[in-house]
Amino acid sequence: MKPVFTRTTGLTDKPFHYCPGCTHGIIHRLIAEVMVEMNILDTTIGVSPVGCTYNNYEYFACDMIQAAHGRAPAVGTAIKRVHPENMVFTYQGDGDLAAIGAAEIVHAAARGEKISTFFVNNAVYGMTSGQMAPTTLIGQVTTTSPFGRRPEFEGYPINVSEMIATLRGAVYVERVAVNDFSHITKAKKAIKKAFRVQQEGLGFSMVEILSTCPTNWGKDPVASLRWMEDAMFKQYPLGIYRGQDLEV
């Protein structure tokens with residue numbers, strides 16, 4: 001029988017550790033597929049974060065390095081400047097990037113560092129029991145916002161893509177989602193475009209990917225996908241925020 005779907009060689013054979021319904025696995029596969037399709041797997045260096053994906057170096061088949069919490073853009077900057085011929089990406093969650101690492105990502109973008117960042121936004125701290133994140137929605141219940149996030153006490157969600165898009169060094173910024181096949185297809189195209197921006201040496205690129213966290217949201221996987229579309233899309237509209245006319 002002719003195979004119609006196979007495991008990408010951009011991933012190792014190690015099974016994912018993520019919770020049932022978590023869409024980190026989808027995002028991993030998309031990045032891995034793009035690296036293989038662009039023939040850059042052997043020349044790419046990824047930077048692992050601290051968070052749910054702290055050990056994604058066990059999954060990606062390219063060279064990987066671990067960074068301290070929030071410091072992936074700084075580590076990626078160093079690697080790219082020492083090895084400009086290599087492709088470099090950081091893979092970061094909303095706690096890693098938008099909280100402790102906020103300064104790192106802002107200044108990497110402002111400097112126009114020639115790296116690609118894949119920012120996974122699931123609106124909560126996933127690894128550490130579901131605390132409120134910078135991206136937690138107004139009214140969203142977490143372990144540290146048991147009455148729902150209230151602007152007068154916990155402030156407002158940070159729209160990272162909109163913020164990074166204001167910086168001149170950021171060449172390409174897009175927000176995508178992985179809640180259904182159509183959006184997954186668009187997410188893969190965005191990931192490929194981010195790598196192409198880097199390949200052309202144009203500057204900093206970031207793809208924000210809306211993701212689910214069924215365990216900490218207290219929802220089953222199907223309900224989580226619906227909640228992403230019904231709630232997260234309103235706070236975090238999908239689309240290109242920088243580089244609308246960019247052709248690479």
# chains A, B, ... in the order shown; residues from 1 in each chain; ligands from 1
call {"tool": "closest_atom_pairs", "arguments": {"of": "range 109-220 of chain A", "to": "range 43-55 of chain A", "cutoff": "8 Å", "atoms": "only C-alpha atoms", "output": "tab-separated table"}}
result
residue	atom	partner	partner_atom	distance
A:Tyr125	CA	A:Gly51	CA	7.9
A:Gly126	CA	A:Cys52	CA	6.1
A:Met127	CA	A:Cys52	CA	4.8
A:Thr128	CA	A:Gly51	CA	7.9
call {"tool": "residues_around", "arguments": {"residues": "Thr136 in chain A", "least_positions_apart": "2", "cutoff": "7 Å", "atoms": "only C-alpha atoms", "output": "PyMOL selection string"}}
result
chain A and resi 123-124+132-134+138+140+157
call {"tool": "closest_residue", "arguments": {"among": "A:Tyr57, A:Phe5, A:Tyr172, A:Phe147", "to": "Gly201 in chain A", "atoms": "only C-alpha atoms"}}
result
A:Tyr172
call {"tool": "closest_atom_pairs", "arguments": {"of": "range 103-193 of chain A", "to": "range 63-71 of chain A", "cutoff": "10 Å", "atoms": "only C-alpha atoms", "output": "JSON lines"}}
result
{"residue": "A:Ala103", "atom": "CA", "partner": "A:Gly70", "partner_atom": "CA", "distance": 8.8}
{"residue": "A:Glu104", "atom": "CA", "partner": "A:Arg71", "partner_atom": "CA", "distance": 6.4}
{"residue": "A:Ile105", "atom": "CA", "partner": "A:Arg71", "partner_atom": "CA", "distance": 8.5}
call {"tool": "write_last_selection", "arguments": {"atoms": "N, CA and C atoms", "output": "mmCIF file, in the first residue's frame"}}
result
data_model
loop_
_atom_site.group_PDB
_atom_site.id
_atom_site.type_symbol
_atom_site.label_atom_id
_atom_site.label_comp_id
_atom_site.auth_asym_id
_atom_site.auth_seq_id
_atom_site.Cartn_x
_atom_site.Cartn_y
_atom_site.Cartn_z
ATOM 1 N N ALA A 103 12.080 41.889 27.838
ATOM 2 C CA ALA A 103 13.146 42.801 27.408
ATOM 3 C C ALA A 103 14.004 42.158 26.327
ATOM 4 N N GLU A 104 14.260 40.856 26.467
ATOM 5 C CA GLU A 104 15.117 40.158 25.505
ATOM 6 C C GLU A 104 14.508 40.191 24.103
ATOM 7 N N ILE A 105 13.213 39.888 24.015
ATOM 8 C CA ILE A 105 12.594 39.820 22.689
ATOM 9 C C ILE A 105 12.456 41.211 22.091
#
call {"tool": "closest_residue", "arguments": {"among": "A:Lys219, A:Val197, A:Glu174, A:Lys186", "to": "Tyr241 in chain A", "atoms": "only C-alpha atoms"}}
result
A:Glu174
call {"tool": "closest_atom_pairs", "arguments": {"of": "range 99-201 of chain A", "to": "range 205-214 of chain A", "cutoff": "8 Å", "atoms": "only C-alpha atoms", "output": "CSV"}}
result
residue,atom,partner,partner_atom,distance
A:Ala109,CA,A:Ser205,CA,7.8
A:Lys114,CA,A:Ser205,CA,7.6
A:Ile115,CA,A:Ser205,CA,6.6
A:Ser116,CA,A:Ser205,CA,4.9
A:Thr117,CA,A:Met206,CA,4.6
A:Phe118,CA,A:Val207,CA,5.1
A:Phe119,CA,A:Glu208,CA,4.6
A:Val120,CA,A:Ile209,CA,4.9
A:Asn121,CA,A:Leu210,CA,4.9
A:Asn122,CA,A:Ser211,CA,4.8
A:Val124,CA,A:Cys213,CA,7.8
A:Gly126,CA,A:Cys213,CA,6.8
A:Ser161,CA,A:Glu208,CA,6.8
A:Ala170,CA,A:Ser205,CA,6.0
A:Val171,CA,A:Ser205,CA,5.8
A:Tyr172,CA,A:Ser205,CA,4.7
A:Val173,CA,A:Met206,CA,4.9
A:Glu174,CA,A:Val207,CA,5.0
A:Arg175,CA,A:Glu208,CA,4.5
A:Val176,CA,A:Ile209,CA,5.0
A:Ala177,CA,A:Leu210,CA,4.6
A:Val178,CA,A:Ser211,CA,6.5
A:Asn179,CA,A:Ser211,CA,7.6
A:Ala187,CA,A:Ile209,CA,7.4
A:Ala190,CA,A:Val207,CA,6.7
A:Ile191,CA,A:Val207,CA,6.6
A:Ala194,CA,A:Ser205,CA,5.4
A:Phe195,CA,A:Ser205,CA,7.9
A:Val197,CA,A:Ser205,CA,6.8
A:Gln198,CA,A:Ser205,CA,7.3
call {"tool": "atom_distance", "arguments": {"atom1": "CA of Pro237 in chain A", "atom2": "CA of Gly169 in chain A"}}
result
22.3 Å
call {"tool": "select_by_dssp", "arguments": {"residues": "range 70-214 of chain A", "states": "strand (DSSP E)", "output": "ChimeraX atom specification"}}
result
/A:87-93,116-121,170-177,204-210
call {"tool": "write_last_selection", "arguments": {"atoms": "N, CA and C atoms", "output": "mmCIF file, in the first residue's frame"}}
result
data_model
loop_
_atom_site.group_PDB
_atom_site.id
_atom_site.type_symbol
_atom_site.label_atom_id
_atom_site.label_comp_id
_atom_site.auth_asym_id
_atom_site.auth_seq_id
_atom_site.Cartn_x
_atom_site.Cartn_y
_atom_site.Cartn_z
ATOM 1 N N MET A 87 21.144 28.844 10.198
ATOM 2 C CA MET A 87 19.803 29.319 10.519
ATOM 3 C C MET A 87 19.594 29.142 12.016
ATOM 4 N N VAL A 88 18.990 30.131 12.662
ATOM 5 C CA VAL A 88 18.797 30.083 14.115
ATOM 6 C C VAL A 88 17.342 30.420 14.435
ATOM 7 N N PHE A 89 16.719 29.600 15.288
ATOM 8 C CA PHE A 89 15.360 29.922 15.726
ATOM 9 C C PHE A 89 15.236 29.743 17.232
ATOM 10 N N THR A 90 14.352 30.536 17.831
ATOM 11 C CA THR A 90 13.980 30.329 19.226
ATOM 12 C C THR A 90 12.530 29.869 19.264
ATOM 13 N N TYR A 91 12.236 28.993 20.201
ATOM 14 C CA TYR A 91 10.884 28.458 20.372
ATOM 15 C C TYR A 91 10.483 28.795 21.796
ATOM 16 N N GLN A 92 9.505 29.716 21.965
ATOM 17 C CA GLN A 92 9.225 30.258 23.288
ATOM 18 C C GLN A 92 7.734 30.333 23.594
ATOM 19 N N GLY A 93 7.393 30.087 24.856
ATOM 20 C CA GLY A 93 6.029 30.229 25.308
ATOM 21 C C GLY A 93 5.758 31.639 25.797
ATOM 22 N N SER A 116 14.888 33.862 13.808
ATOM 23 C CA SER A 116 13.448 33.652 13.703
ATOM 24 C C SER A 116 12.915 33.156 15.045
ATOM 25 N N THR A 117 11.867 33.797 15.531
ATOM 26 C CA THR A 117 11.264 33.400 16.806
ATOM 27 C C THR A 117 9.876 32.828 16.570
ATOM 28 N N PHE A 118 9.620 31.666 17.169
ATOM 29 C CA PHE A 118 8.299 31.055 17.131
ATOM 30 C C PHE A 118 7.721 31.123 18.546
ATOM 31 N N PHE A 119 6.728 31.986 18.683
ATOM 32 C CA PHE A 119 6.158 32.350 19.970
ATOM 33 C C PHE A 119 4.824 31.650 20.151
ATOM 34 N N VAL A 120 4.754 30.717 21.102
ATOM 35 C CA VAL A 120 3.540 29.930 21.325
ATOM 36 C C VAL A 120 2.731 30.557 22.459
ATOM 37 N N ASN A 121 1.536 31.012 22.136
ATOM 38 C CA ASN A 121 0.670 31.721 23.073
ATOM 39 C C ASN A 121 -0.528 30.849 23.433
ATOM 40 N N ALA A 170 12.151 44.746 13.240
ATOM 41 C CA ALA A 170 11.286 43.593 12.960
ATOM 42 C C ALA A 170 10.814 43.669 11.511
ATOM 43 N N VAL A 171 11.207 42.710 10.712
ATOM 44 C CA VAL A 171 10.887 42.712 9.288
ATOM 45 C C VAL A 171 9.572 41.987 9.008
ATOM 46 N N TYR A 172 9.328 40.935 9.753
ATOM 47 C CA TYR A 172 8.129 40.118 9.513
ATOM 48 C C TYR A 172 7.558 39.628 10.833
ATOM 49 N N VAL A 173 6.289 39.971 11.076
ATOM 50 C CA VAL A 173 5.580 39.540 12.286
ATOM 51 C C VAL A 173 4.179 39.094 11.877
ATOM 52 N N GLU A 174 3.826 37.862 12.224
ATOM 53 C CA GLU A 174 2.492 37.356 11.894
ATOM 54 C C GLU A 174 1.956 36.522 13.042
ATOM 55 N N ARG A 175 0.624 36.597 13.244
ATOM 56 C CA ARG A 175 -0.036 35.745 14.241
ATOM 57 C C ARG A 175 -0.906 34.720 13.514
ATOM 58 N N VAL A 176 -0.724 33.459 13.885
ATOM 59 C CA VAL A 176 -1.462 32.361 13.267
ATOM 60 C C VAL A 176 -2.050 31.485 14.375
ATOM 61 N N ALA A 177 -2.732 30.415 13.992
ATOM 62 C CA ALA A 177 -3.330 29.494 14.954
ATOM 63 C C ALA A 177 -3.258 28.079 14.406
ATOM 64 N N PHE A 204 14.873 40.649 11.736
ATOM 65 C CA PHE A 204 14.180 39.818 12.726
ATOM 66 C C PHE A 204 12.807 39.393 12.225
ATOM 67 N N SER A 205 12.438 38.147 12.503
ATOM 68 C CA SER A 205 11.109 37.653 12.142
ATOM 69 C C SER A 205 10.509 36.902 13.325
ATOM 70 N N MET A 206 9.193 37.038 13.491
ATOM 71 C CA MET A 206 8.501 36.344 14.583
ATOM 72 C C MET A 206 7.133 35.872 14.120
ATOM 73 N N VAL A 207 6.826 34.631 14.436
ATOM 74 C CA VAL A 207 5.498 34.085 14.190
ATOM 75 C C VAL A 207 4.895 33.735 15.546
ATOM 76 N N GLU A 208 3.798 34.399 15.895
ATOM 77 C CA GLU A 208 3.052 34.066 17.105
ATOM 78 C C GLU A 208 2.010 33.012 16.745
ATOM 79 N N ILE A 209 1.973 31.935 17.524
ATOM 80 C CA ILE A 209 1.091 30.815 17.217
ATOM 81 C C ILE A 209 0.147 30.589 18.395
ATOM 82 N N LEU A 210 -1.140 30.803 18.189
ATOM 83 C CA LEU A 210 -2.117 30.553 19.240
ATOM 84 C C LEU A 210 -2.260 29.048 19.428
#
call {"tool": "select_by_dssp", "arguments": {"residues": "range 143-241 of chain A", "states": "alpha helix (DSSP H)", "output": "ChimeraX atom specification"}}
result
/A:151-154,160-164,181-199,214-217,221-227,233-235
call {"tool": "closest_residue", "arguments": {"among": "A:Ala74, A:Arg226, A:Thr215, A:Lys234", "to": "Leu97 in chain A", "atoms": "only C-alpha atoms"}}
result
A:Ala74
call {"tool": "atom_distance", "arguments": {"atom1": "CA of Leu225 in chain A", "atom2": "CA of Asp180 in chain A"}}
result
8.1 Å
call {"tool": "atom_distance", "arguments": {"atom1": "CA of Asn86 in chain A", "atom2": "CA of Ile40 in chain A"}}
result
8.6 Å
call {"tool": "residues_around", "arguments": {"residues": "Ala32 in chain A", "least_positions_apart": "5", "cutoff": "12 Å", "atoms": "only C-alpha atoms", "output": "list in words"}}
result
Arg7, Thr8, Thr9, Gly10, Leu11, Thr12, Gly25, Ile26, Ile27, Glu37, Met38, Asn39, Ile40, Leu41, Asp42, Thr44, Gly46, Asn56, Tyr57, Tyr59, Phe60, Ala61, Cys62, Phe89, Lys188, Ile191, Lys192 and Phe195 of chain A
call {"tool": "write_last_selection", "arguments": {"atoms": "N, CA and C atoms", "output": "tab-separated table (two decimals), in the first residue's frame"}}
result
chain	number	residue	atom	x	y	z
A	7	ARG	N	6.14	10.17	9.12
A	7	ARG	CA	6.77	11.02	10.12
A	7	ARG	C	7.91	11.80	9.46
A	8	THR	N	7.96	13.09	9.71
A	8	THR	CA	9.01	13.91	9.12
A	8	THR	C	10.37	13.57	9.73
A	9	THR	N	11.40	13.61	8.91
A	9	THR	CA	12.75	13.36	9.41
A	9	THR	C	13.28	14.56	10.19
A	10	GLY	N	12.50	15.62	10.25
A	10	GLY	CA	12.90	16.78	11.05
A	10	GLY	C	12.68	16.57	12.53
A	11	LEU	N	11.99	15.48	12.88
A	11	LEU	CA	11.78	15.12	14.28
A	11	LEU	C	12.47	13.80	14.60
A	12	THR	N	12.86	13.62	15.84
A	12	THR	CA	13.42	12.35	16.28
A	12	THR	C	12.28	11.36	16.51
A	25	GLY	N	2.68	19.76	19.85
A	25	GLY	CA	3.14	18.73	18.93
A	25	GLY	C	2.90	19.10	17.48
A	26	ILE	N	1.76	19.72	17.20
A	26	ILE	CA	1.48	20.18	15.84
A	26	ILE	C	2.51	21.22	15.41
A	27	ILE	N	2.79	22.16	16.29
A	27	ILE	CA	3.73	23.23	15.98
A	27	ILE	C	5.13	22.67	15.76
A	37	GLU	N	11.85	20.61	4.19
A	37	GLU	CA	11.45	21.09	2.86
A	37	GLU	C	12.39	22.17	2.33
A	38	MET	N	12.92	23.00	3.23
A	38	MET	CA	13.84	24.05	2.83
A	38	MET	C	15.29	23.57	2.78
A	39	ASN	N	15.50	22.30	3.14
A	39	ASN	CA	16.85	21.70	3.14
A	39	ASN	C	17.80	22.46	4.07
A	40	ILE	N	17.29	22.83	5.25
A	40	ILE	CA	18.12	23.57	6.21
A	40	ILE	C	18.28	22.83	7.53
A	41	LEU	N	17.78	21.60	7.59
A	41	LEU	CA	17.81	20.85	8.85
A	41	LEU	C	19.23	20.72	9.40
A	42	ASP	N	20.18	20.44	8.53
A	42	ASP	CA	21.56	20.21	8.98
A	42	ASP	C	22.32	21.49	9.31
A	44	THR	N	20.62	24.25	10.81
A	44	THR	CA	19.79	25.04	11.72
A	44	THR	C	20.14	24.74	13.17
A	46	GLY	N	18.47	25.45	16.93
A	46	GLY	CA	17.31	25.91	17.68
A	46	GLY	C	17.66	26.19	19.12
A	56	ASN	N	12.45	20.33	24.24
A	56	ASN	CA	12.17	20.05	22.82
A	56	ASN	C	13.44	19.74	22.03
A	57	TYR	N	14.59	19.90	22.68
A	57	TYR	CA	15.84	19.49	22.03
A	57	TYR	C	15.86	17.97	21.84
A	59	TYR	N	13.30	16.41	20.63
A	59	TYR	CA	12.35	16.14	19.55
A	59	TYR	C	12.84	16.63	18.19
A	60	PHE	N	13.39	17.84	18.15
A	60	PHE	CA	13.87	18.36	16.87
A	60	PHE	C	15.17	17.67	16.48
A	61	ALA	N	15.29	17.33	15.20
A	61	ALA	CA	16.47	16.59	14.71
A	61	ALA	C	17.60	17.51	14.27
A	62	CYS	N	17.44	18.80	14.51
A	62	CYS	CA	18.53	19.74	14.22
A	62	CYS	C	19.34	19.96	15.49
A	89	PHE	N	16.72	29.60	15.29
A	89	PHE	CA	15.36	29.92	15.73
A	89	PHE	C	15.24	29.74	17.23
A	188	LYS	N	1.95	26.93	8.79
A	188	LYS	CA	3.16	26.38	8.16
A	188	LYS	C	3.75	27.37	7.16
A	191	ILE	N	5.61	30.05	9.10
A	191	ILE	CA	6.89	29.54	9.61
A	191	ILE	C	7.94	29.53	8.50
A	192	LYS	N	7.53	29.08	7.33
A	192	LYS	CA	8.46	29.04	6.20
A	192	LYS	C	8.89	30.45	5.80
A	195	PHE	N	11.57	31.78	8.17
A	195	PHE	CA	12.88	31.23	7.85
A	195	PHE	C	13.46	31.87	6.59
